[in-house]
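> Please find one structure pasted underneath; my questions will follow.
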Amino acid sequence: MIVGSGFSGLCLGIKLHESGMRDFVILEKSSDLGGTWRDNRYPGCACDVPSYLYSYSFAPGRSWSRMYAEAPEIQDYLQQVATERGVRPYIRYGAELVKATHDGERWLVETKDGRQWSAEILTIAAGALSVPQMARVPGIETFAGPSFHSAAWRDDVPLENKRVAVIGTGASAIQFVPHVAKRAGHLTLFQRTPPWILPRIDRPFTAREKALLSRPAIAKLYRAWIYSTRELTAIGFIGDNFVLEVGRYRARKHLESQVADPELRKKLAPSYALGCKRILISNDYYPALGLPHVALNTTAIEKVTPEGVVTTDGVLHRADVLIHGTGFKVQEYLKAVEITGPGGRSLGETWKTGAEAYKGTVVSGFPNLFLLMGPNTALGHSSVVFMAEAQVRYVMRAIEHIDRQKIARIDVKPEVQAAYNAEIEKRLQTTVWKTGCDSWYQNEHGKNTTLWPGFTFEFRSRLKRFDPESFITSS
């Protein structure tokens, strides 16, 4: 059983189907597949990883229209791959996971609509960017006008000539703010911390380029080139200050070239290390903030009233529409689900000080449970699809081992998991993510439970084979 039909869940479904396995289902909470690319439909939504890398290696999508694909095209790609690879019949829609309990033999699963399921093997591929984080401000529920998160965009809310307030300046906000600025009568953007922003080297592919990239060998070479150049940037994240300095220089020049007003430029200049928070890419965000009807506010928010947003200096910023660009509950994406192992211990209790897994994929005490894009598998420099494929390969080999050896259950040894995570934590200490900024990579205890502290080819190498010696098995 697979939970989630985004990139990682579909990938596992495809590989199961290709191997000849037919006894599986994919539970999907929504009415369509696609995960974050189904949910995020705000104007300007696009990927910040080049299209030919942000796709399956076995289905590179040789008809990409531009260097960085926009959300509708990525969603269309997933729809196309799911159809071509034969996994659509295995998807059960409207099946939101609320409870999974291992009874000692099987996983018993309940979905929100009341349906009950059972499976020998359960894989969670829900994704960390699946639970929106609404702005946590006193009085937010009292706002009189439309109020919505970017992941639940309201196309029915007119923005023309309206006073729009946007809270947050993360990855989604810098994409939709320029589009909102074109329509709104007045836009007030509330910024807590300015992001580092690099130029977006993006354009449509020419007809000649599309023809060349339609050849599998050339598409493979192009993907390899993108991968290699992206992988080099990891050096900066894991401790090379020279690489970071080059990035800082580019980011500063980008800011200086696009923002002429010295006061506005000062507000937009980050004071923390490049890469400590997610690095963003945009060509139209800075120009949008220079428009006469757009105001960047850096004073802390005190509360929200029916009329608008009140900052700590006592000023009421009146608004007709409130948009939350406040990201996702990355640290809490599984908290709404009750997952209980055979000993009665819940995953929430196990992770109360921070999520941990062995190879980001299995958790001790939870037999035959696999996680895709689990703890410490996200990236700051490359494509998470690459990481998901590595995990799927590992899960497939684990399943093959279970079938071949006629094993009922496998459970990673607690000492193996502990040693692995001790190494991850040690390596994280020398990365840019430990330079003092507050980011969604970390939980409330300051532990980075999100990012992989190294090169992606190392992660793939570690998951290349299934290691039965690391597991306790039972028949």
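Each chain in the structure tokens gets a letter, A, B, ..., in the order shown, and its residues are numbered from 1; ligands are numbered from 1 in order too.
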I'd like the neighbourhood of A:Tyr68 as a list in words, where a residue qualifies if any of its atoms comes within 12 Å (using only C-alpha atoms), though same-chain residues fewer than 5 positions away should be ignored.
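In the requested form, the answer reads Gly44, Cys45, Ala46, Cys47, Asp48, Val49, Pro50, Ser51, Tyr52, Leu53, Tyr54, Ser55, Glu73, Ile74, Arg200, Ile201, Asp202, Arg203, Pro204, Phe205, Ile226, Ile281 and Ser282 of chain A.
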> Using N, CA and C atoms, can you export the residues from the last selection as an mmCIF file, in the first residue's frame?

data_model
loop_
_atom_site.group_PDB
_atom_site.id
_atom_site.type_symbol
_atom_site.label_atom_id
_atom_site.label_comp_id
_atom_site.auth_asym_id
_atom_site.auth_seq_id
_atom_site.Cartn_x
_atom_site.Cartn_y
_atom_site.Cartn_z
ATOM 1 N N GLY A 44 1.958 32.046 -11.325
ATOM 2 C CA GLY A 44 3.411 32.080 -11.294
ATOM 3 C C GLY A 44 4.049 30.841 -10.707
ATOM 4 N N CYS A 45 3.258 29.882 -10.261
ATOM 5 C CA CYS A 45 3.810 28.681 -9.619
ATOM 6 C C CYS A 45 4.672 27.905 -10.615
ATOM 7 N N ALA A 46 5.899 27.656 -10.230
ATOM 8 C CA ALA A 46 6.838 26.959 -11.103
ATOM 9 C C ALA A 46 7.902 26.281 -10.253
ATOM 10 N N CYS A 47 8.645 25.372 -10.875
ATOM 11 C CA CYS A 47 9.711 24.671 -10.180
ATOM 12 C C CYS A 47 10.987 25.509 -10.213
ATOM 13 N N ASP A 48 11.835 25.370 -9.186
ATOM 14 C CA ASP A 48 13.109 26.067 -9.188
ATOM 15 C C ASP A 48 14.278 25.121 -9.467
ATOM 16 N N VAL A 49 13.945 23.961 -10.040
ATOM 17 C CA VAL A 49 14.944 23.018 -10.548
ATOM 18 C C VAL A 49 14.641 22.831 -12.037
ATOM 19 N N PRO A 50 15.660 22.852 -12.908
ATOM 20 C CA PRO A 50 15.411 22.710 -14.347
ATOM 21 C C PRO A 50 14.576 21.486 -14.692
ATOM 22 N N SER A 51 13.701 21.657 -15.679
ATOM 23 C CA SER A 51 12.710 20.641 -16.035
ATOM 24 C C SER A 51 13.305 19.272 -16.293
ATOM 25 N N TYR A 52 14.433 19.226 -17.019
ATOM 26 C CA TYR A 52 14.996 17.935 -17.406
ATOM 27 C C TYR A 52 15.668 17.202 -16.253
ATOM 28 N N LEU A 53 15.813 17.870 -15.117
ATOM 29 C CA LEU A 53 16.296 17.192 -13.919
ATOM 30 C C LEU A 53 15.144 16.927 -12.959
ATOM 31 N N TYR A 54 14.142 17.810 -12.974
ATOM 32 C CA TYR A 54 12.979 17.624 -12.111
ATOM 33 C C TYR A 54 11.959 16.741 -12.841
ATOM 34 N N SER A 55 12.376 15.547 -13.152
ATOM 35 C CA SER A 55 11.534 14.568 -13.833
ATOM 36 C C SER A 55 12.180 13.203 -13.622
ATOM 37 N N GLU A 73 2.283 22.438 -16.313
ATOM 38 C CA GLU A 73 3.015 21.512 -17.176
ATOM 39 C C GLU A 73 3.552 20.321 -16.385
ATOM 40 N N ILE A 74 3.985 20.570 -15.151
ATOM 41 C CA ILE A 74 4.467 19.466 -14.314
ATOM 42 C C ILE A 74 3.313 18.524 -13.972
ATOM 43 N N ARG A 200 16.812 34.085 -12.239
ATOM 44 C CA ARG A 200 16.186 32.873 -12.778
ATOM 45 C C ARG A 200 16.572 32.762 -14.259
ATOM 46 N N ILE A 201 17.472 31.863 -14.573
ATOM 47 C CA ILE A 201 17.947 31.699 -15.943
ATOM 48 C C ILE A 201 16.951 30.819 -16.684
ATOM 49 N N ASP A 202 15.889 31.431 -17.128
ATOM 50 C CA ASP A 202 14.764 30.677 -17.677
ATOM 51 C C ASP A 202 14.324 31.282 -19.007
ATOM 52 N N ARG A 203 13.913 30.432 -19.903
ATOM 53 C CA ARG A 203 13.344 30.848 -21.185
ATOM 54 C C ARG A 203 12.699 29.634 -21.845
ATOM 55 N N PRO A 204 11.832 29.856 -22.842
ATOM 56 C CA PRO A 204 11.280 28.716 -23.583
ATOM 57 C C PRO A 204 12.350 28.051 -24.436
ATOM 58 N N PHE A 205 12.220 26.755 -24.625
ATOM 59 C CA PHE A 205 13.096 26.065 -25.556
ATOM 60 C C PHE A 205 12.708 26.426 -26.988
ATOM 61 N N ILE A 226 23.102 19.195 -16.376
ATOM 62 C CA ILE A 226 22.391 19.947 -15.337
ATOM 63 C C ILE A 226 22.701 19.358 -13.964
ATOM 64 N N ILE A 281 14.927 31.884 -6.582
ATOM 65 C CA ILE A 281 15.306 32.431 -7.882
ATOM 66 C C ILE A 281 14.125 33.192 -8.474
ATOM 67 N N SER A 282 14.395 34.394 -8.956
ATOM 68 C CA SER A 282 13.326 35.209 -9.537
ATOM 69 C C SER A 282 13.911 36.384 -10.308
#
> Assign secondary structure with DSSP using the backbone only, and return the residues of stretch 283-343 of chain A in strand (DSSP E or B) as a list in words.
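Those in stretch 283-343 of chain A that DSSP calls strand (DSSP E or B) are Val294, Ala295, Leu296, Asn297, Ile301, Glu302, Lys303, Val304, Thr305, Gly308, Val309, Val310, Thr311, Leu316, His317, Arg318, Val321, Leu322, Ile323, His324, Phe328, Glu338, Ile339 and Thr340 of chain A.
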> Can you pull out the residues contacting A:Ala273? Cut-off 12 Å, using only C-alpha atoms, and skip same-chain residues under 6 positions away; I want them as a list in words.
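Once the nearby chain positions are removed, what remains is Pro194, Pro195, Trp196, Gly236, Phe237, Gly239, Asn241, Leu244, Glu245, Gly247, Arg248, Ala251, Ile279, Thr431, Val432, Trp433, Lys434, Thr435, Gly436, Cys437, Asp438 and Ser439 of chain A.
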> Please identify all polymer residues within 12 Å of A:Glu389, counting only C-alpha atoms, omitting same-chain residues fewer than 6 positions from it, and present them as a PyMOL selection string.
chain A and resi 7-15+54-59+361+372-373+377+383+395-396+456-457+459-461+463-464
> Sort by chain and increasing residue number a table of all residues of stretch 329-371 of chain A within 6 Å of stretch 119-128 of chain A, each with its closest pair of atoms and their distance in Å to one decimal, counting only C-alpha atoms, and write it as a Markdown table.

| residue | atom | partner | partner_atom | distance |
| --- | --- | --- | --- | --- |
| A:Val330 | CA | A:Ala128 | CA | 5.0 |
| A:Tyr333 | CA | A:Ala128 | CA | 5.5 |
| A:Asn368 | CA | A:Ile121 | CA | 5.0 |
| A:Leu369 | CA | A:Leu122 | CA | 5.0 |
| A:Phe370 | CA | A:Thr123 | CA | 4.5 |
| A:Leu371 | CA | A:Ile124 | CA | 4.9 |
> Using DSSP on the backbone, list every residue of stretch 117-226 of chain A that comes out as helix (DSSP H, G or I), and give them as a PyMOL selection string.
chain A and resi 140-142+150-152+173-183+207-213+216-226
> Would you kindly return, as a CSV table (one decimal) with N, CA and C atoms, in the first residue's frame, each protein, DNA or RNA residue with an atom no farther than 8 Å from any atom of A:Ile407, considering only C-alpha atoms and excluding same-chain residues fewer than 4 positions away?

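What follows is the written file part_24.csv:
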chain,number,residue,atom,x,y,z
A,401,HIS,N,13.5,-8.8,-1.4
A,401,HIS,CA,14.2,-9.6,-0.4
A,401,HIS,C,13.1,-10.3,0.5
A,402,ILE,N,12.1,-9.6,0.9
A,402,ILE,CA,11.0,-10.1,1.7
A,402,ILE,C,10.4,-11.3,0.9
A,403,ASP,N,10.1,-11.1,-0.3
A,403,ASP,CA,9.4,-12.1,-1.1
A,403,ASP,C,10.3,-13.3,-1.3
A,473,THR,N,14.6,-9.6,11.3
A,473,THR,CA,13.5,-10.2,10.5
A,473,THR,C,12.8,-11.3,11.3
A,474,SER,N,11.5,-11.5,10.8
A,474,SER,CA,10.7,-12.5,11.5
A,474,SER,C,9.8,-13.2,10.4
A,475,SER,N,9.5,-14.5,10.6
A,475,SER,CA,8.8,-15.2,9.6
A,475,SER,C,7.3,-15.2,9.9
> Which distance in Å separates atom CA of A:Phe466 and atom CA of A:Glu110, to one decimal?
29.4 Å
> Please identify all polymer residues within 10 Å of A:Trp107, counting only C-alpha atoms, omitting same-chain residues fewer than 4 positions from it, and present them as a ChimeraX atom specification.
/A:1,99-103,117-122,339-342,366-369
> Store the residues picked out above in a file with C-alpha atoms, as an mmCIF file, in the first residue's frame.

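Output file result_30.cif is given in full below:
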data_model
loop_
_atom_site.group_PDB
_atom_site.id
_atom_site.type_symbol
_atom_site.label_atom_id
_atom_site.label_comp_id
_atom_site.auth_asym_id
_atom_site.auth_seq_id
_atom_site.Cartn_x
_atom_site.Cartn_y
_atom_site.Cartn_z
ATOM 1 C CA MET A 1 0.000 0.000 0.000
ATOM 2 C CA LYS A 99 -4.790 5.936 11.108
ATOM 3 C CA ALA A 100 -2.405 3.045 10.520
ATOM 4 C CA THR A 101 -1.828 0.344 13.121
ATOM 5 C CA HIS A 102 0.414 -2.698 12.916
ATOM 6 C CA ASP A 103 -1.316 -5.609 14.683
ATOM 7 C CA TRP A 117 -7.668 -1.437 4.406
ATOM 8 C CA SER A 118 -4.931 -3.906 5.284
ATOM 9 C CA ALA A 119 -1.491 -4.437 3.837
ATOM 10 C CA GLU A 120 1.656 -6.387 4.568
ATOM 11 C CA ILE A 121 3.784 -3.404 3.520
ATOM 12 C CA LEU A 122 2.915 0.262 3.968
ATOM 13 C CA ILE A 339 0.709 5.632 13.030
ATOM 14 C CA THR A 340 1.221 2.939 15.669
ATOM 15 C CA GLY A 341 3.734 0.098 15.709
ATOM 16 C CA PRO A 342 3.116 -3.416 17.039
ATOM 17 C CA PHE A 366 7.662 0.105 12.716
ATOM 18 C CA PRO A 367 8.100 -3.088 10.668
ATOM 19 C CA ASN A 368 7.403 -3.096 6.944
ATOM 20 C CA LEU A 369 6.870 0.661 6.998
#
> For each of A:Leu255, A:Val164, A:Val98, A:Ala357, take the minimum atom-to-atom distance to A:Ala269, counting only C-alpha atoms, then give the residue where this is smallest.
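Going through A:Leu255, A:Val164, A:Val98, A:Ala357 one by one, the smallest distance to A:Ala269 is for A:Leu255.
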> What lies within 12 Å of A:Glu209 using only C-alpha atoms, ignoring chain neighbours under 3 positions off, as JSON, numbers by chain?
{"A": [62, 63, 64, 65, 66, 67, 203, 204, 205, 206, 212, 213, 214, 215, 218, 219, 222]}
> Could you tell me which of A:Phe386, A:Tyr420, A:Trp452, A:Trp153 comes closest to A:Gly325 if we count only C-alpha atoms?
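Nearest candidate to A:Gly325 out of A:Phe386, A:Tyr420, A:Trp452, A:Trp153: A:Trp153.
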